[in-house]
Every structure is written in structure tokens, then in C-alpha cells.
Amino acid sequence: MKKQRKRLLSACVFFALAALLGACGFAAAAPGTGDGRAEGVKQEAAETAAGDAIAARDNITAGASLAAGEASAEDGAGLSEASGKGMRMVETDKGPVEIPVNPQVIVSDYYLGEFLAVDVKPVIASPYSLSNPFLEGMTDGIQELNTVSAETSLEMIAASEPDLIVTITEADYEKYAAIAPTVYIQDGRRSEEELFYYIAGLVGKEKQAEAYIADFTERAEAAGEEIRGIVGERTVSIVEVWPQQIYAMGSHFARGGSILYDIWKLKAPLAVQSEMVDGDTPYKVVSLEALPDYTGDFILYGVLEDADSSFVEGSRLWNSLGAVKAGQVLPYEQVAFMHRDPITLNAQLDIFIDFFRGFGEKQ
């Protein structure tokens with residue numbers, strides 16, 4: 001397993017860090033990330049028309065994390081034939097872009113699990129993506145993007161002579177586009193299943209994505225009734241510790257929340273349910289004293305690498321929580337759970353099933 005690379009993510013040159021952490025980590029409230037989430041909201045408003053056009057093409061059912069889709073092969077990436085031989089037009093969050101019909105040399109500064117799930121291996125991927133432990137054994141031969149500086153990153157990408165670049169980083173779009181056809185995918189615009197299908201469409205793998213989605217959905221729904229029977233009316237919560245900060249999360253911010261709340265329909269504590277499941281709030285910074293309002297009968301608990309969590313775990317309040325006293329806490333590896341690609345979701349599903357079944361056996 002590769003050494004987890006959170007320190008690399010703190011490098012100032014790593015393509016729009018706030019946007020990256022906004023997708024599967026933290027943005028505005030997280031340490032060192034500035035106002036990335038707020039800026040993302042402004043960008044979203046400015047690009048609503050383009051986003052609506054793309055969303056209309058994505059016919060996969062929204063609401064479940066990877067719901068089975070019925071979109072045709074022409075949908076996912078908004079494909080249409082271009083006049084150039086071997087090229088086609090795709091709708092992107094920067095407007096129509098001409099890309100190869102069958103791209104062979106792909107660079108992605110964020111999206112990796114989506115490509116690997118349909119057996120497509122980029123030649124270069126970001127340290128952030130390669131740090132995901134759930135992708136272990138699947139990334140052999142993929143070069144880690146050199147993020148020592150913006151220049152070294154661009155030089156490395158150009159040297160690989162890509163025929164397609166897929167990026168989450170709007171700030172570097174023009175630089176990338178000068179090297180090769182570039183598809184910019186705005187953070188947070190699509191649901192997990194829509195994003196997966198869209199990326200699969202860029203490489204002509206819609207059918208593989210549909211099969212992957214159908215398999216995931218079948219497994220998740222098959223376990224749903226059993227898990228709901230075990231949990232009953234008890235609540236499930238997600239809490240994560242960063243340096244001197246505690247975050248509560250719901251269904252919009254990775255960590256498997258879409259499985260727990262959207263697919264399985266498990267209940268969160270009232271404060272989380274209203275704001276971060278039924279509402280649109282992705283996460284909330286909470287005080288130690290407020291933890292009883294944001295933790296439920298079961299707690300999923302993650303700690304950022306190298307963060308000192310003793311201010312939580314050593315506190316009298318934490319150890320007085322019902323879930324902690326009952327041993328109903330699921331510690332998770334933060335660097336893995338902050339991703340939300342299809343491979344990660346499948347791994348999270350297995351972890352959740354095993355966790356809750358353990359309590360079913362005790363009943």
C-alpha cells in the first residue's frame with residue numbers, strides 16, 4: 001500500500017486544492033483551504049445553463065448513490081460525431097470540446113477510481129487519487145503527477161503526450177487545453193452515479209458503467225432490508241476529527257453517507273438529518289460540547305492523518321456517549337473514506353454490511 005500523501009495535498013501547487021478537497025475532502029471550513037466552497041458556489045451559478053444541459057442528458061436515477069441507469073450509450077458524456085476523423089464532440093462544463101473517439105493516453109488530476117472501474121488506466125494521476133488504499137493493486141504503471149511546482153506538473157503532462165486530459169481544476173484548464181483536448185468536470189455538479197457514467201462515456205465505456213452500477217445497486221439493495229432490521233429506529237452518524245476541529249457529515253460529502261442515508265434510508269440525528277441529509281449542507285464544524293446533538297446510536301469515526309484526536313477521545317463527554325459506551329463505533333481510514341468513486345463505494349458497502357451484521361448477531 002502506498003504511503004498516504006496528505007502532506008502532498010498541502011503543497012500550494014497542487015491544482016486548486018480547495019476544489020479538490022471540496023469534492024471529497026474539506027473546502028471552506030477545513031484548515032488551510034480558504035474559501036474554495038464559496039467560490040465553487042459562485043462558479044456553479046455562473047455555469048448553471050451548461051450544467052443543466054449536461055444533467056438533462058444523465059438519465060440515471062438520482063437519489064441512490066449508484067442507482068441503476070437506463071441512459072442510452074449516447075447520453076453519459078453528451079456525445080456527437082465531429083467532422084474530424086477519429087474525433088467527436090462532448091459536452092463539458094466548459095462547453096463543447098472535441099476529443100478522440102478512442103483516447104489511449106489519458107491524464108487525470110483527480111478522477112481515477114472512475115476510470116479504473118471500467119478498466120481504463122490513465123498514464124498519470126494525482127498523488128491525492130493514488131493515495132486511496134481501496135485502489136491498491138490497480139494502479140501499477142500509473143505515474144504519480146509531479147506536484148513540486150506548477151511548471152513540473154505541466155512539463156510532466158506534456159512529456160507524456162496525452163490525447164485526453166480530464167481535470168477538476170478550472171484554474172489550469174487553459175494550460176491543459178494547450179497540451180491536449182481537455183475535459184473540465186466541475187466539482188459537485190453531478191451525483192456519484194452521474195459522474196461515473198459521464199466519465200465512462202468519455203472513453204466509450206457506458207455499458208461497462210451500467211453493469212457496474214447495476215451490480216452495486218443490487219448488492220446494496222439486497223442488504224438494505226437486513227441492515228434496516230438491525231438498526232431499526234436507532235440513528236447513525238458520521239464524525240471526523242481534524243486538528244482541533246470536529247466535523248459532522250450527512251449524505252453529501254463522501255464517507256459512505258449516500259449508502260447509509262440515500263440507499264438504506266437509515267436515520268441520522270435530528271440536527272444532521274435536517275441539515276445534511278434532507279438539506280443541502282455538506283458538513284458542519286461542531287464543538288466538542290455539541291457532539292451529543294450530532295452523534296447517534298452508531299458513529300462512523302474518522303481522523304485526519306497526523307491529527308491529534310486526543311482532545312476528543314480523551315474527553316469525558318466523548319466517553320459518555322451511548323454509542324461509545326456500547327462499542328457501536330466504526331473507525332474508518334480517513335484517507336480512503338474521503339473518496340467517492342465506484343470502487344471506494346463498493347468497498348465501503350462491504351465494510352458497512354460487516355459492521356452492522358456484527359450487531360445483528362448480538363440481538
# chains A, B, ... in the order shown; residues from 1 in each chain; ligands from 1

call {"tool": "residues_around", "arguments": {"residues": "A:Leu349", "least_positions_apart": "5", "cutoff": "12 Å", "atoms": "only C-alpha atoms", "output": "PyMOL selection string"}}
result
chain A and resi 65-66+216-224+227+255-260+263-264+337+340+342-344+354-356

call {"tool": "residues_around", "arguments": {"residues": "A:Val329", "least_positions_apart": "6", "cutoff": "7 Å", "atoms": "only C-alpha atoms", "output": "mmCIF file with all heavy atoms, in the first residue's frame"}}
result
data_model
loop_
_atom_site.group_PDB
_atom_site.id
_atom_site.type_symbol
_atom_site.label_atom_id
_atom_site.label_comp_id
_atom_site.auth_asym_id
_atom_site.auth_seq_id
_atom_site.Cartn_x
_atom_site.Cartn_y
_atom_site.Cartn_z
ATOM 1 N N PHE A 298 -25.161 4.890 16.488
ATOM 2 C CA PHE A 298 -23.972 4.341 15.835
ATOM 3 C C PHE A 298 -23.150 5.521 15.316
ATOM 4 O O PHE A 298 -23.718 6.497 14.804
ATOM 5 C CB PHE A 298 -24.342 3.422 14.664
ATOM 6 C CG PHE A 298 -25.103 2.190 15.062
ATOM 7 C CD1 PHE A 298 -26.493 2.201 15.096
ATOM 8 C CD2 PHE A 298 -24.443 1.011 15.389
ATOM 9 C CE1 PHE A 298 -27.207 1.069 15.459
ATOM 10 C CE2 PHE A 298 -25.148 -0.129 15.751
ATOM 11 C CZ PHE A 298 -26.532 -0.101 15.784
ATOM 12 N N ILE A 299 -21.839 5.421 15.448
ATOM 13 C CA ILE A 299 -20.966 6.500 14.983
ATOM 14 C C ILE A 299 -19.922 5.947 14.028
ATOM 15 O O ILE A 299 -19.209 4.996 14.370
ATOM 16 C CB ILE A 299 -20.246 7.195 16.161
ATOM 17 C CG1 ILE A 299 -21.254 7.799 17.146
ATOM 18 C CG2 ILE A 299 -19.308 8.288 15.642
ATOM 19 C CD1 ILE A 299 -20.591 8.374 18.399
ATOM 20 N N LEU A 300 -19.824 6.530 12.833
ATOM 21 C CA LEU A 300 -18.695 6.300 11.941
ATOM 22 C C LEU A 300 -17.683 7.383 12.269
ATOM 23 O O LEU A 300 -18.023 8.578 12.278
ATOM 24 C CB LEU A 300 -19.115 6.390 10.481
ATOM 25 C CG LEU A 300 -19.720 5.135 9.853
ATOM 26 C CD1 LEU A 300 -21.074 4.817 10.474
ATOM 27 C CD2 LEU A 300 -19.872 5.322 8.348
ATOM 28 N N TYR A 301 -16.443 6.980 12.543
ATOM 29 C CA TYR A 301 -15.481 7.911 13.127
ATOM 30 C C TYR A 301 -14.160 7.867 12.383
ATOM 31 O O TYR A 301 -13.504 6.827 12.310
ATOM 32 C CB TYR A 301 -15.272 7.542 14.602
ATOM 33 C CG TYR A 301 -14.270 8.383 15.342
ATOM 34 C CD1 TYR A 301 -14.546 9.700 15.666
ATOM 35 C CD2 TYR A 301 -13.042 7.844 15.714
ATOM 36 C CE1 TYR A 301 -13.612 10.471 16.359
ATOM 37 C CE2 TYR A 301 -12.111 8.599 16.416
ATOM 38 C CZ TYR A 301 -12.405 9.924 16.731
ATOM 39 O OH TYR A 301 -11.491 10.679 17.421
ATOM 40 N N ALA A 323 -23.156 5.534 22.044
ATOM 41 C CA ALA A 323 -22.520 4.683 21.037
ATOM 42 C C ALA A 323 -21.129 4.256 21.463
ATOM 43 O O ALA A 323 -20.711 3.116 21.211
ATOM 44 C CB ALA A 323 -22.453 5.426 19.701
#

call {"tool": "residues_around", "arguments": {"residues": "stretch 112-117 of chain A", "least_positions_apart": "6", "cutoff": "8 Å", "atoms": "only C-alpha atoms", "output": "PyMOL selection string"}}
result
chain A and resi 125+129-130+135+138+196+199-200+209+212+341-344

call {"tool": "closest_residue", "arguments": {"among": "A:Arg234, A:Arg88, A:His252, A:Lys205", "to": "A:Gly322", "atoms": "only C-alpha atoms"}}
result
A:Arg234

call {"tool": "atom_distance", "arguments": {"atom1": "atom CA of A:Leu202", "atom2": "atom CA of A:Glu91"}}
result
10.0 Å

call {"tool": "residues_around", "arguments": {"residues": "A:Val231", "least_positions_apart": "4", "cutoff": "9 Å", "atoms": "only C-alpha atoms", "output": "VMD selection string"}}
result
chain A and resid 226 to 227 235 to 236 266 297 to 298 356 359 to 360

call {"tool": "closest_residue", "arguments": {"among": "A:Gly279, A:Pro162, A:Pro269, A:Gly201", "to": "A:Val107", "atoms": "only C-alpha atoms"}}
result
A:Pro162

call {"tool": "select_by_dssp", "arguments": {"residues": "stretch 283-343 of chain A", "states": "helix (DSSP H, G or I)", "output": "list in words"}}
result
Leu288, Glu289, Ala290, Leu291, Pro292, Asp293, Tyr294, Ser310, Phe311, Val312, Glu313, Arg316, Leu317, Trp318, Asn319, Ser320, Gly322, Ala323, Val324, Lys325, Gln334, Val335, Ala336, Phe337, Pro342 and Ile343 of chain A

call {"tool": "select_by_dssp", "arguments": {"residues": "stretch 262-347 of chain A", "states": "strand (DSSP E)", "output": "list in words"}}
result
Tyr283, Lys284, Val285, Val286, Phe298, Ile299, Leu300, Tyr301, Gly302, Val303, Val329, Leu330, Pro331, Tyr332 and Glu333 of chain A

call {"tool": "closest_residue", "arguments": {"among": "A:Tyr128, A:Asp119, A:Lys175, A:Arg190", "to": "A:Asp93", "atoms": "only C-alpha atoms"}}
result
A:Arg190

call {"tool": "residues_around", "arguments": {"residues": "A:Val303", "least_positions_apart": "2", "cutoff": "7 Å", "atoms": "only C-alpha atoms", "output": "list in words"}}
result
Glu240, Val241, Trp242, Tyr301, Glu305, Ala307, Ser309 and Gln334 of chain A

call {"tool": "closest_residue", "arguments": {"among": "A:Val277, A:Leu195, A:Pro282, A:Gly358", "to": "A:Gln328", "atoms": "only C-alpha atoms"}}
result
A:Gly358
